Each structure stands twice: as C-alpha cells, then as structure tokens.
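So this one's final_12.txt, compact mmCIF, C-alpha atoms and all ligand atoms:
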# COMPACT_ATOMS: atom_id res chain seq x y z
CA MET A 1184 159.86 103.57 145.62
CA LEU A 1185 160.17 99.80 145.51
CA HIS A 1186 163.16 99.19 143.26
CA VAL A 1187 165.83 97.08 144.96
CA PRO A 1188 169.20 97.02 143.16
CA VAL A 1189 170.05 93.53 141.96
CA MET A 1190 173.38 91.82 142.61
CA LEU A 1191 174.58 94.93 144.39
CA GLN A 1192 177.60 93.31 146.06
CA GLU A 1193 178.61 91.58 142.83
CA VAL A 1194 178.47 94.92 140.97
CA ILE A 1195 180.49 96.68 143.71
CA ASN A 1196 183.06 93.87 143.55
CA SER A 1197 183.35 94.20 139.76
CA CYS A 1198 184.15 97.93 139.99
CA PRO A 1199 187.82 98.86 140.50
CA ASP A 1200 188.85 101.18 143.38
CA ASN A 1201 190.32 104.62 142.70
CA CYS A 1202 188.56 105.32 139.41
CA ASN A 1203 188.74 108.70 137.73
CA LEU A 1204 185.36 108.32 136.08
CA ILE A 1205 182.42 105.95 136.51
CA ILE A 1206 179.46 106.08 134.15
CA ASP A 1207 176.12 104.60 135.19
CA GLY A 1208 174.15 104.45 131.93
CA THR A 1209 170.86 103.41 133.60
CA LEU A 1210 170.63 105.33 136.84
CA TRP A 1211 166.96 105.07 137.84
CA HIS A 1212 166.92 104.93 141.64
CA TRP A 1213 170.76 105.11 141.92
CA GLY A 1214 170.66 101.81 143.87
CA HIS A 1215 174.00 100.71 142.47
CA SER A 1216 175.61 104.05 141.77
CA PHE A 1217 175.22 105.44 145.26
CA HIS A 1218 177.42 102.62 146.50
CA LEU A 1219 180.00 103.20 143.77
CA SER A 1220 180.38 106.91 144.49
CA SER A 1221 183.19 106.41 147.03
CA LYS A 1222 185.28 104.59 144.40
CA THR A 1223 185.68 107.47 141.96
CA LYS A 1224 186.59 111.13 141.50
CA LYS A 1225 183.76 111.77 139.04
CA LEU A 1226 180.40 110.20 138.27
CA ILE A 1227 178.28 110.50 135.16
CA TRP A 1228 174.71 109.40 135.59
CA MET A 1229 172.48 108.83 132.61
CA ASP A 1230 168.86 107.80 132.22
CA LEU A 1231 166.17 108.18 129.59
CA ASP A 1232 163.60 108.89 132.28
CA SER A 1233 163.97 112.59 133.08
CA ASP A 1234 161.62 112.40 136.10
CA MET A 1235 163.99 110.07 137.84
CA LEU A 1236 167.05 112.17 137.01
CA LEU A 1237 165.33 115.13 138.69
CA VAL A 1238 164.54 113.06 141.77
CA ALA A 1239 168.17 111.91 141.90
CA GLN A 1240 169.47 115.46 141.54
CA LYS A 1241 167.31 116.63 144.45
CA ASN A 1242 168.22 113.75 146.73
CA LEU A 1243 171.92 113.54 146.02
CA GLU A 1244 173.01 117.17 146.11
CA HIS A 1245 175.49 116.27 148.84
CA ILE A 1246 177.52 113.95 146.57
CA PRO A 1247 180.19 115.97 144.73
CA ASN A 1248 181.21 115.61 141.11
CA ILE A 1249 178.08 114.09 139.61
CA THR A 1250 176.96 115.14 136.16
CA TYR A 1251 173.51 114.09 134.96
CA PHE A 1252 172.61 113.40 131.36
CA HIS A 1253 169.10 112.85 130.09
CA ASP A 1254 170.22 110.70 127.21
CA SER A 1255 170.52 107.12 126.02
CA TYR A 1256 173.58 105.12 126.96
CA ALA A 1257 173.78 104.45 123.22
CA ASN A 1258 175.08 108.05 122.96
CA ILE A 1259 177.69 107.45 125.62
CA GLU A 1260 180.56 108.77 123.49
CA PHE A 1261 179.16 112.33 123.63
CA VAL A 1262 179.19 112.14 127.39
CA SER A 1263 182.59 110.58 127.86
CA SER A 1264 184.28 112.78 125.27
CA LYS A 1265 183.61 115.77 127.53
CA TYR A 1266 185.60 114.17 130.35
CA TRP A 1267 188.21 111.46 130.73
CA LYS A 1268 187.67 108.01 129.38
CA ALA A 1269 185.66 105.89 131.80
CA ASP A 1270 187.24 103.37 134.16
CA PHE A 1271 183.96 101.65 134.92
CA VAL A 1272 180.67 101.58 133.06
CA LEU A 1273 177.52 99.96 134.40
CA LEU A 1274 174.32 99.13 132.56
CA ASP A 1275 171.46 97.64 134.56
CA LEU A 1276 168.96 96.84 131.83
CA TRP A 1277 165.31 96.02 132.25
CA VAL A 1278 162.34 98.00 133.23
CA ASN A 1279 162.33 98.39 136.98
CA MET A 1280 159.63 97.59 139.52
CA ASP A 1281 158.78 101.28 139.99
CA HIS A 1282 157.94 101.72 136.32
CA PHE A 1283 155.42 98.90 136.67
CA LYS A 1284 153.77 100.72 139.57
CA ILE A 1285 153.30 104.02 137.74
CA TRP A 1286 149.89 103.21 136.32
CA ASP A 1287 149.82 105.68 133.41
CA ARG A 1288 153.15 104.67 131.86
CA GLY A 1289 151.59 101.61 130.26
CA PHE A 1290 154.25 99.06 131.27
CA SER A 1291 152.02 96.89 133.42
CA ILE A 1292 149.31 94.53 132.30
CA ASN A 1293 147.55 95.19 135.63
CA TYR A 1294 146.49 98.80 135.06
CA ASP A 1295 144.23 100.17 132.37
CA SER A 1296 146.32 103.02 130.99
CA PRO A 1297 147.24 104.66 127.67
CA LEU A 1298 149.50 102.50 125.52
CA ASP A 1299 152.72 104.38 126.23
CA MET A 1300 155.71 102.24 127.41
CA ARG A 1301 158.30 104.93 126.64
CA PHE A 1302 161.23 105.28 129.04
CA ASN A 1303 161.86 108.69 127.50
CA GLN A 1304 158.78 110.89 127.66
CA ASP A 1305 160.26 113.19 124.98
CA GLN A 1306 160.33 110.37 122.43
CA ASN A 1307 157.70 110.66 119.68
CA ILE A 1308 156.90 107.00 119.11
CA SER A 1309 154.99 105.17 121.82
CA ALA A 1310 153.45 101.70 122.06
CA TYR A 1311 150.23 103.26 120.74
CA ASP A 1312 151.93 104.05 117.40
CA ILE A 1313 153.32 100.56 117.12
CA ILE A 1314 150.01 98.85 117.82
CA ASN A 1315 147.97 101.22 115.64
CA ARG A 1316 150.37 101.93 112.75
CA TYR A 1317 152.71 99.00 112.22
CA THR A 1318 152.03 96.66 109.32
CA SER A 1319 151.24 93.01 109.87
CA PRO A 1320 154.80 91.82 109.01
CA GLN A 1321 156.27 94.46 111.35
CA LEU A 1322 154.07 93.30 114.23
CA GLU A 1323 154.80 89.66 113.48
CA LYS A 1324 158.54 90.34 113.59
CA ILE A 1325 158.23 91.86 117.08
CA PHE A 1326 156.33 88.84 118.38
CA ILE A 1327 158.78 86.40 116.81
CA ASP A 1328 162.01 88.23 117.66
CA TYR A 1329 161.19 89.55 121.11
CA ALA A 1330 158.49 87.21 122.40
CA ASP A 1331 159.71 83.92 120.87
CA PHE A 1332 156.32 83.18 119.29
CA THR A 1333 156.04 80.85 116.33
CA SER A 1334 155.45 82.60 113.02
CA SER A 1335 151.91 81.23 112.76
CA LYS A 1336 150.91 82.44 116.26
CA ALA A 1337 152.63 85.79 115.59
CA LYS A 1338 150.64 86.16 112.37
CA GLU A 1339 147.40 85.30 114.16
CA LEU A 1340 148.07 88.02 116.79
CA ALA A 1341 149.10 90.60 114.19
CA ASP A 1342 146.01 89.87 112.05
CA LYS A 1343 143.73 90.17 115.08
CA ILE A 1344 145.28 93.53 116.03
CA ILE A 1345 144.90 94.85 112.51
CA GLN A 1346 141.34 93.61 112.20
CA THR A 1347 140.40 95.23 115.56
CA ARG A 1348 141.99 98.59 114.80
CA LYS A 1349 140.06 98.81 111.49
CA ALA A 1350 136.92 99.15 113.62
CA SER A 1351 138.42 101.49 116.24
CA GLU A 1352 141.81 102.58 117.55
CA ILE A 1353 143.48 100.43 120.20
CA LYS A 1354 144.09 103.02 122.88
CA THR A 1355 144.76 101.35 126.19
CA THR A 1356 146.60 98.46 127.75
CA PHE A 1357 143.28 96.79 128.53
CA ASP A 1358 142.13 97.18 124.88
CA LEU A 1359 145.25 95.27 123.90
CA LYS A 1360 144.79 92.73 126.67
CA ARG A 1361 141.25 91.96 125.48
CA ILE A 1362 142.56 91.27 121.96
CA LEU A 1363 145.23 88.93 123.32
CA TRP A 1364 142.70 87.12 125.51
CA GLY A 1365 140.64 86.64 122.34
CA CYS A 1366 143.66 84.81 120.88
CA TRP A 1367 143.66 82.43 123.86
CA LEU A 1368 146.72 83.87 125.54
CA GLY A 1369 147.07 83.55 129.32
CA LYS A 1370 148.64 86.02 131.76
CA SER A 1371 152.27 84.97 131.28
CA ALA A 1372 152.01 85.02 127.44
CA ILE A 1373 150.35 88.45 127.61
CA THR A 1374 153.19 89.67 129.85
CA VAL A 1375 155.71 88.47 127.26
CA ILE A 1376 153.81 90.24 124.46
CA PHE A 1377 153.77 93.46 126.50
CA GLN A 1378 157.50 93.05 127.06
CA SER A 1379 158.10 92.60 123.33
CA ILE A 1380 156.20 95.81 122.55
CA ARG A 1381 158.17 97.66 125.22
CA ILE A 1382 161.45 96.40 123.72
CA GLN A 1383 160.37 97.73 120.31
CA THR A 1384 159.02 101.02 121.68
CA ASN A 1385 162.35 101.81 123.31
CA ASN A 1386 164.63 100.23 120.68
CA GLU A 1387 166.19 98.33 123.53
CA ILE A 1388 168.16 95.76 121.55
CA GLN A 1389 169.45 98.30 119.00
CA ASN A 1390 170.56 100.65 121.78
CA LEU A 1391 172.44 97.84 123.44
CA GLN A 1392 174.12 96.83 120.17
CA ILE A 1393 175.15 100.43 119.44
CA PHE A 1394 176.55 100.83 122.95
CA LEU A 1395 178.55 97.59 122.71
CA LYS A 1396 180.15 98.68 119.43
CA LYS A 1397 181.31 101.93 121.03
CA LEU A 1398 182.68 100.35 124.19
CA PRO A 1399 186.36 100.04 123.24
CA ASP A 1400 186.54 103.73 122.33
CA ILE A 1401 184.96 105.20 125.41
CA LEU A 1402 186.83 103.30 128.06
CA SER A 1403 190.25 103.90 129.60
CA PRO A 1404 192.96 101.23 129.37
CA LEU A 1405 191.99 100.19 132.89
CA TRP A 1406 188.37 99.86 132.10
CA ILE A 1407 185.73 97.43 133.20
CA CYS A 1408 182.20 97.24 131.92
CA SER A 1409 179.48 95.35 133.79
CA ILE A 1410 176.07 94.69 132.32
CA ILE A 1411 173.05 93.20 134.06
CA THR A 1412 170.49 91.71 131.71
CA PHE A 1413 167.03 90.35 132.47
CA HIS A 1414 166.08 88.27 129.49
CA SER A 1415 167.75 85.88 127.13
CA ILE A 1416 167.57 88.17 124.07
CA GLU A 1417 169.64 90.86 125.81
CA ASP A 1418 171.98 88.36 127.37
CA ARG A 1419 172.71 86.75 123.98
CA VAL A 1420 173.65 90.17 122.56
CA VAL A 1421 175.97 90.97 125.49
CA LYS A 1422 177.53 87.50 125.53
CA LYS A 1423 178.29 87.60 121.78
CA ALA A 1424 179.78 91.11 121.91
CA PHE A 1425 181.91 90.37 124.98
CA HIS A 1426 183.23 87.15 123.44
CA GLU A 1427 184.13 89.01 120.24
CA LEU A 1428 185.95 91.73 122.21
CA ALA A 1429 187.78 89.08 124.21
CA SER A 1430 188.88 87.14 121.13
CA THR A 1431 189.84 90.05 118.87
CA LYS A 1432 190.44 93.30 120.70
CA GLY A 1433 192.59 92.51 123.73
CA PHE A 1434 189.89 92.26 126.36
CA GLU A 1435 189.04 89.46 128.74
CA LEU A 1436 185.94 88.20 130.46
CA ILE A 1437 186.18 88.68 134.22
CA ASN A 1438 184.11 85.55 134.81
CA LYS A 1439 183.97 82.79 132.28
CA LYS A 1440 180.39 82.03 133.30
CA VAL A 1441 177.57 84.48 133.74
CA ILE A 1442 176.90 85.49 137.37
CA LYS A 1443 173.41 84.96 138.74
CA PRO A 1444 171.82 86.15 141.99
CA THR A 1445 172.28 83.94 145.04
CA TYR A 1446 169.36 81.92 146.41
CA GLN A 1447 169.31 84.29 149.38
CA GLU A 1448 168.89 87.31 147.10
CA ILE A 1449 166.13 85.63 145.08
CA ALA A 1450 164.33 84.72 148.32
CA LYS A 1451 164.42 88.39 149.40
CA ASN A 1452 163.75 89.90 145.97
CA LYS A 1453 161.85 87.58 143.64
CA ALA A 1454 162.19 90.04 140.77
CA SER A 1455 165.95 89.42 140.70
CA ARG A 1456 165.58 85.78 139.65
CA SER A 1457 166.16 86.36 135.93
CA ALA A 1458 169.07 88.79 136.33
CA GLN A 1459 172.45 87.89 134.83
CA LEU A 1460 175.69 89.83 135.24
CA ARG A 1461 178.57 89.83 132.77
CA SER A 1462 181.75 91.88 133.11
CA ILE A 1463 184.66 92.46 130.77
CA ARG A 1464 187.99 94.25 131.23
CA HIS A 1465 190.99 95.36 129.30
CA SER A 1466 193.46 92.48 129.37
CA LYS A 1467 196.36 94.86 130.21
CA GLN A 1468 195.00 94.83 133.74
CA SER A 1469 195.80 91.20 134.47
C1 LIG B 1 166.59 98.61 136.14
S1 LIG B 1 166.60 100.35 136.05
C2 LIG B 1 168.14 100.78 136.76
C3 LIG B 1 168.14 100.61 138.25
C4 LIG B 1 169.34 101.16 138.97
N1 LIG B 1 170.54 100.41 138.63
C5 LIG B 1 169.08 101.11 140.43
O1 LIG B 1 169.61 100.21 141.10
O2 LIG B 1 168.33 101.94 140.95
C6 LIG B 1 166.82 100.64 134.35
C7 LIG B 1 166.75 102.11 133.97
O3 LIG B 1 167.31 102.22 132.66
C8 LIG B 1 166.69 103.29 131.99
N2 LIG B 1 166.97 103.08 130.55
C9 LIG B 1 166.45 102.16 129.71
N3 LIG B 1 167.01 102.25 128.49
C10 LIG B 1 167.92 103.26 128.57
C11 LIG B 1 168.82 103.83 127.64
N4 LIG B 1 168.90 103.39 126.38
N5 LIG B 1 169.62 104.84 128.07
C12 LIG B 1 169.54 105.31 129.34
N6 LIG B 1 168.69 104.80 130.27
C13 LIG B 1 167.90 103.79 129.89
C14 LIG B 1 165.23 103.18 132.39
O4 LIG B 1 164.60 104.42 132.28
C15 LIG B 1 165.36 102.73 133.87
O5 LIG B 1 165.30 103.87 134.68
Could you render the structure as structure tokens?
Ligand SMILES: C[S@@+](CC[C@H](N)C(=O)[O-])C[C@H]1O[C@@H](n2cnc3c(N)ncnc32)[C@H](O)[C@@H]1O
Amino acid sequence: MLHVPVMLQEVINSCPDNCNLIIDGTLWHWGHSFHLSSKTKKLIWMDLDSDMLLVAQKNLEHIPNITYFHDSYANIEFVSSKYWKADFVLLDLWVNMDHFKIWDRGFSINYDSPLDMRFNQDQNISAYDIINRYTSPQLEKIFIDYADFTSSKAKELADKIIQTRKASEIKTTFDLKRILWGCWLGKSAITVIFQSIRIQTNNEIQNLQIFLKKLPDILSPLWICSIITFHSIEDRVVKKAFHELASTKGFELINKKVIKPTYQEIAKNKASRSAQLRSIRHSKQS
C-alpha cells in the first residue's frame, strides 16, 4: 500500500492527551489513527470501504479497545451514542493514493475499468448510473459545482455525454475519457471531471455538511475536531461551518489560518501539496 498519512505530526499535535474516546471517521490505512492510539482509552474507526476495515482488523488485533464501523462519518451520532462523547474526531477527506491504484474501482483516469467510483461497495448508485441516467441539467450542475466549469462548457459536456449514450451505454472510464477528449479537454481537465463525478457518486459534500451540523452534539466539552481537506470546495464548507460554530456556539478555531504541509513534506510526498488542516475546539478549554 502506498498511502502516506498527510500532516501526521500536525494531526498528532492537534489531538489532546488522555482522551476517553477518539473517532477516526476516515480510517483507510490507519496512518493517522495508529499514532493516536496511545492518547486514548477507546478508539472508534469508521470507513465506507469495508475491504480496508477488514485489513485493519487483521493487522491491528494487538491494539485494545478499537471498535470498527462500516458506515459514513455522516452517521457519526449512531456510533458515538453507544459510547461516551468523543474528545477528538478526525476526518481525512479525499480519495487516497491506494484507491487510485486499484484498477477496477474506476477512480483513476489511467486504467480502463468499469465506471464505479464508489467508496462503499454496498451502495447502489455508481458513477455508471450518473453518467448513463442523469439528465442534462443534473450533469451540468456537477460540472459547474464540483469542477468549476463555466455553464456553457458544462452544457457542451453534458450534451455530448447524452448524445453518446443514446447510441450505446457509457460503460468504462476510457469510454468517458474518449468523450471528454472529443470536447477538447486535456489530462488535467479530465482529472477534474473525474473528481467531480466521484464527489457526486459518494455524496461527499452533503456528507461533510451533515457531519458538521452534528458536531456540537457528538463531542465532549473537551472536544477537538480536525479535518484535512484536499480541494477548495471541501475547504470552503469546513471553513464556513467552523467560523459559524466559533461565532455562535462557544467554540474557537485552534489556528486562525489554515495549516498546510511543510515544503519538506511536499518534497517527500507530492500528493500532500493540496492538503489543508483546520481544527476547532470547545472554548471552555482555553
Ligand atoms: C484519505 S483516506 C484516509 C487515510 C487515513 N487517514 C490514513 O492515513 O491512512 C480517506 C478514506 O475516507 C473514506 N471515506 C470517504 N468518505 C467517507 C465517509 N462519508 N464516511 C466514512 N469514510 C469515508 C474512504 O473510503 C477512504 O478510505
């Protein structure tokens, strides 16, 4: 596995010592959580990808007091209501490098694979359904909202997709790539379109918004929540919610400015370059 946890030291620093409960809502390869395990009595580890939860369970049998949940962090209240309120919650958003390497999951533009893109393999809707069933306005909205395309370019792409699928279904990542090439998009624009379809497939922004609304109720009075985002759409959502909590609900931002990886980290792990970390805590702590 190739996934390297981003801003590991910064995340460890943001987590208080002597927690009763830490929840990692996006476990994947437990890169962060493994290092947080000595700071808490109990760990709850969540991920939508059940394969990775199984791998974690097998590898980490020796760590006591971990409970695994194959569920979305947007349902975090079901998890935390079974235990104490959480002292520290971590979300490390983004699709990770390993997902890009699993050819048949459909995340990468480099492999010809079924149009899937689901984090959760039990979910009914995949990228295939979006590309083959969504109406033109629905597709346009994805390209405008999540890929920052102009409405005229978004309409051109949506029309081309709809015109192509009238002749035959769009089944694979390379089928989609060929359509986008036909609209004069280069590699980086195609990557952004793939990302926008992935965001829609997994309801990523809605999940984040739901989670942020629930935050004050699931956390202990000592709580801290740290969120790593990888693109500006997510970061805007987190920034807005954290500022609202800080101005109305008795919380405070741990750092006034977003934290970014150091030059040294970016040199070692290029994929970390767009990561941004924001943390918020209950103001009773200060
Ligand atoms: C960047 S990885 C986490 C990496 C981890 N922090 C590490 O260092 O190994 C993001 C993970 O979040 C998971 N994920 C995405 N959306 C989720 C959601 N709504 N609920 C739970 N897990 C989610 C993905 O399946 C992926 O495994």
Show which residues sit within 8 Å of Val1420 in chain A, as a short mmCIF file (atom, residue, chain, number, x, y, z; two decimals) with C-alpha atoms, in the frame of the given file. Count all atoms listed in the file, and ignore same-chain residues fewer than 4 positions away.
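Writing the result to around.cif gives the following:
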data_model
loop_
_atom_site.label_atom_id
_atom_site.label_comp_id
_atom_site.auth_asym_id
_atom_site.auth_seq_id
_atom_site.Cartn_x
_atom_site.Cartn_y
_atom_site.Cartn_z
CA ILE A 1388 168.16 95.76 121.55
CA LEU A 1391 172.44 97.84 123.44
CA GLN A 1392 174.12 96.83 120.17
CA ILE A 1416 167.57 88.17 124.07
CA ALA A 1424 179.78 91.11 121.91
#
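If you look at CA of Tyr1251 in chain A and CA of Met1280 in chain A, they are 22.0 Å away from each other.
Distances to ligand LIG 1 (chain B) were evaluated for A:Glu1193, A:Asp1254, A:Asp1234, A:Asp1295 using all atoms listed in the file, and the minimum falls at A:Asp1254.
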Worksheet entry | Point-to-point distance in Å for CA of Asp1358 in chain A and atom C13 of ligand LIG 1 (chain B) | 27.1 Å
With 8 Å as the cut-off and all atoms listed in the file counted, what is the closest atom pair between each nearby residue of chain A and ligand LIG 1 (chain B)? Distances in Å to one decimal, ordered by chain and number, as CSV.
residue,atom,partner,partner_atom,distance
A:His1186,CA,B:LIG1,O2,6.3
A:Val1187,CA,B:LIG1,O1,6.2
A:Pro1188,CA,B:LIG1,O1,3.8
A:Val1189,CA,B:LIG1,O1,6.7
A:Leu1191,CA,B:LIG1,O1,8.0
A:Asp1207,CA,B:LIG1,N1,7.8
A:Gly1208,CA,B:LIG1,C12,5.4
A:Thr1209,CA,B:LIG1,O3,3.9
A:Leu1210,CA,B:LIG1,C4,4.9
A:Trp1211,CA,B:LIG1,O5,3.8
A:His1212,CA,B:LIG1,O2,3.4
A:Trp1213,CA,B:LIG1,O2,4.1
A:Gly1214,CA,B:LIG1,O1,3.4
A:His1215,CA,B:LIG1,O1,4.6
A:Ser1216,CA,B:LIG1,N1,7.0
A:Met1229,CA,B:LIG1,C12,5.6
A:Asp1230,CA,B:LIG1,N6,3.6
A:Leu1231,CA,B:LIG1,N6,4.3
A:Asp1232,CA,B:LIG1,O4,4.6
A:Met1235,CA,B:LIG1,O5,7.1
A:His1253,CA,B:LIG1,C12,7.6
A:Asp1254,CA,B:LIG1,C12,5.8
A:Ser1255,CA,B:LIG1,N5,3.2
A:Tyr1256,CA,B:LIG1,N5,4.1
A:Ala1257,CA,B:LIG1,N4,5.9
A:Leu1274,CA,B:LIG1,N1,7.3
A:Asp1275,CA,B:LIG1,N1,5.0
A:Leu1276,CA,B:LIG1,C6,5.0
A:Trp1277,CA,B:LIG1,C1,4.8
A:Val1278,CA,B:LIG1,C1,5.2
A:Asn1279,CA,B:LIG1,C1,4.3
A:Met1280,CA,B:LIG1,C1,7.8
A:His1282,CA,B:LIG1,O5,7.8
A:Phe1302,CA,B:LIG1,O4,4.8
A:Asn1303,CA,B:LIG1,O4,7.0
A:Asn1385,CA,B:LIG1,N3,7.0
A:Asn1386,CA,B:LIG1,N4,7.8
A:Glu1387,CA,B:LIG1,N3,6.4
A:Asn1390,CA,B:LIG1,N4,5.6
A:Leu1391,CA,B:LIG1,N4,7.2
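Neighbouring residues of Trp1406 in chain A at 9 Å or closer, counting only C-alpha atoms and skipping chain neighbours under 6 positions away, are Pro1199, Lys1268, Ala1269, Asp1270, Phe1271, Val1272, Ile1463, Arg1464, His1465 and Gln1468 of chain A.
For the residues A:Val1194, A:Cys1366, A:Lys1396, A:Asn1248, ranking by smallest atom-to-atom distance to Arg1461 in chain A using all atoms listed in the file places A:Val1194 first.
Distance check against Gln1321 in chain A using only C-alpha atoms: of A:Ile1205, A:Ala1341, A:Leu1428, A:Ile1407, the minimum falls on A:Ala1341.
Using all atoms listed in the file, the protein and nucleic acid residues lying no more than 7 Å from Thr1355 in chain A, apart from those fewer than 4 places from it along its own chain, are Asp1295, Ser1296, Pro1297, Leu1298 and Leu1359 of chain A.
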Practice prompt. Counting only C-alpha atoms, figure out which residue out of A:Cys1198, A:Ala1372, A:Ile1393, A:Leu1460 gets nearest to Asn1438 in chain A.
Written response: A:Leu1460
Spatial neighbours of Ser1466 in chain A, 9 Å, all atoms listed in the file, chain gap at least 3 places, as an mmCIF file with C-alpha atoms, in the coordinates of the input:
data_model
loop_
_atom_site.group_PDB
_atom_site.id
_atom_site.type_symbol
_atom_site.label_atom_id
_atom_site.label_comp_id
_atom_site.auth_asym_id
_atom_site.auth_seq_id
_atom_site.Cartn_x
_atom_site.Cartn_y
_atom_site.Cartn_z
ATOM 1 C CA PRO A 1404 192.960 101.230 129.370
ATOM 2 C CA LEU A 1405 191.990 100.190 132.890
ATOM 3 C CA ALA A 1429 187.780 89.080 124.210
ATOM 4 C CA GLY A 1433 192.590 92.510 123.730
ATOM 5 C CA PHE A 1434 189.890 92.260 126.360
ATOM 6 C CA GLU A 1435 189.040 89.460 128.740
ATOM 7 C CA LEU A 1436 185.940 88.200 130.460
ATOM 8 C CA ILE A 1463 184.660 92.460 130.770
ATOM 9 C CA SER A 1469 195.800 91.200 134.470
#
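Candidate residues A:Glu1448, A:Asp1299, A:Glu1260, A:Asp1281 were compared for distance to Lys1354 in chain A, and the nearest is A:Asp1299, using only C-alpha atoms.
Each of A:Gly1289, A:Pro1247, A:Pro1444, A:Pro1399 was compared to Ala1458 in chain A using only C-alpha atoms, and A:Pro1444 turns out to be the nearest.
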Worksheet entry | CA of Ile1344 in chain A to CA of Arg1381 in chain A, distance in Å rounded to a single decimal | 16.4 Å
Adding 6 Å on each side of the box along x, y and z that holds all listed atoms of range 1430-1443 of chain A, could you give its centre and edge lengths in Å to one decimal, as AutoDock Vina command-line options?
--center_x 183.0 --center_y 87.7 --center_z 128.8 --size_x 31.2 --size_y 23.3 --size_z 31.9
Quick one: range 1187-1204 of chain A with N, CA and C atoms, as a PDB file, in the first residue's frame?
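Now in decode-v2.pdb:
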ATOM      1  N   VAL A1187       0.458   7.520   2.217  1.00  0.00           N
ATOM      2  CA  VAL A1187       1.280   8.103   3.287  1.00  0.00           C
ATOM      3  C   VAL A1187       0.399   9.129   3.998  1.00  0.00           C
ATOM      4  N   PRO A1188       0.238   9.035   5.326  1.00  0.00           N
ATOM      5  CA  PRO A1188      -0.650   9.985   6.001  1.00  0.00           C
ATOM      6  C   PRO A1188      -0.124  11.414   5.872  1.00  0.00           C
ATOM      7  N   VAL A1189      -1.011  12.351   5.598  1.00  0.00           N
ATOM      8  CA  VAL A1189      -0.553  13.730   5.412  1.00  0.00           C
ATOM      9  C   VAL A1189      -0.628  14.492   6.729  1.00  0.00           C
ATOM     10  N   MET A1190       0.300  15.396   6.894  1.00  0.00           N
ATOM     11  CA  MET A1190       0.398  16.268   8.074  1.00  0.00           C
ATOM     12  C   MET A1190       0.249  15.466   9.369  1.00  0.00           C
ATOM     13  N   LEU A1191       0.943  14.350   9.413  1.00  0.00           N
ATOM     14  CA  LEU A1191       0.810  13.443  10.557  1.00  0.00           C
ATOM     15  C   LEU A1191       1.148  14.146  11.871  1.00  0.00           C
ATOM     16  N   GLN A1192       2.297  14.825  11.914  1.00  0.00           N
ATOM     17  CA  GLN A1192       2.698  15.461  13.174  1.00  0.00           C
ATOM     18  C   GLN A1192       1.700  16.543  13.568  1.00  0.00           C
ATOM     19  N   GLU A1193       1.204  17.288  12.583  1.00  0.00           N
ATOM     20  CA  GLU A1193       0.251  18.363  12.876  1.00  0.00           C
ATOM     21  C   GLU A1193      -1.037  17.769  13.447  1.00  0.00           C
ATOM     22  N   VAL A1194      -1.463  16.623  12.911  1.00  0.00           N
ATOM     23  CA  VAL A1194      -2.679  15.977  13.429  1.00  0.00           C
ATOM     24  C   VAL A1194      -2.433  15.473  14.848  1.00  0.00           C
ATOM     25  N   ILE A1195      -1.281  14.831  15.068  1.00  0.00           N
ATOM     26  CA  ILE A1195      -0.964  14.338  16.429  1.00  0.00           C
ATOM     27  C   ILE A1195      -0.960  15.525  17.395  1.00  0.00           C
ATOM     28  N   ASN A1196      -0.352  16.634  16.985  1.00  0.00           N
ATOM     29  CA  ASN A1196      -0.293  17.808  17.871  1.00  0.00           C
ATOM     30  C   ASN A1196      -1.676  18.360  18.180  1.00  0.00           C
ATOM     31  N   SER A1197      -2.614  18.227  17.220  1.00  0.00           N
ATOM     32  CA  SER A1197      -3.947  18.813  17.449  1.00  0.00           C
ATOM     33  C   SER A1197      -4.803  17.937  18.368  1.00  0.00           C
ATOM     34  N   CYS A1198      -4.363  16.709  18.619  1.00  0.00           N
ATOM     35  CA  CYS A1198      -5.167  15.779  19.429  1.00  0.00           C
ATOM     36  C   CYS A1198      -4.753  15.877  20.896  1.00  0.00           C
ATOM     37  N   PRO A1199      -5.722  16.090  21.800  1.00  0.00           N
ATOM     38  CA  PRO A1199      -5.346  16.182  23.224  1.00  0.00           C
ATOM     39  C   PRO A1199      -4.832  14.841  23.759  1.00  0.00           C
ATOM     40  N   ASP A1200      -4.042  14.893  24.854  1.00  0.00           N
ATOM     41  CA  ASP A1200      -3.616  13.647  25.527  1.00  0.00           C
ATOM     42  C   ASP A1200      -4.758  13.175  26.416  1.00  0.00           C
ATOM     43  N   ASN A1201      -4.675  11.962  26.885  1.00  0.00           N
ATOM     44  CA  ASN A1201      -5.634  11.409  27.849  1.00  0.00           C
ATOM     45  C   ASN A1201      -7.094  11.520  27.420  1.00  0.00           C
ATOM     46  N   CYS A1202      -7.388  11.163  26.196  1.00  0.00           N
ATOM     47  CA  CYS A1202      -8.790  11.169  25.748  1.00  0.00           C
ATOM     48  C   CYS A1202      -9.496   9.917  26.259  1.00  0.00           C
ATOM     49  N   ASN A1203     -10.809  10.013  26.412  1.00  0.00           N
ATOM     50  CA  ASN A1203     -11.602   8.806  26.652  1.00  0.00           C
ATOM     51  C   ASN A1203     -11.946   8.134  25.334  1.00  0.00           C
ATOM     52  N   LEU A1204     -12.275   8.955  24.341  1.00  0.00           N
ATOM     53  CA  LEU A1204     -12.712   8.387  23.064  1.00  0.00           C
ATOM     54  C   LEU A1204     -12.218   9.245  21.898  1.00  0.00           C
TER      55      LEU A1204
END
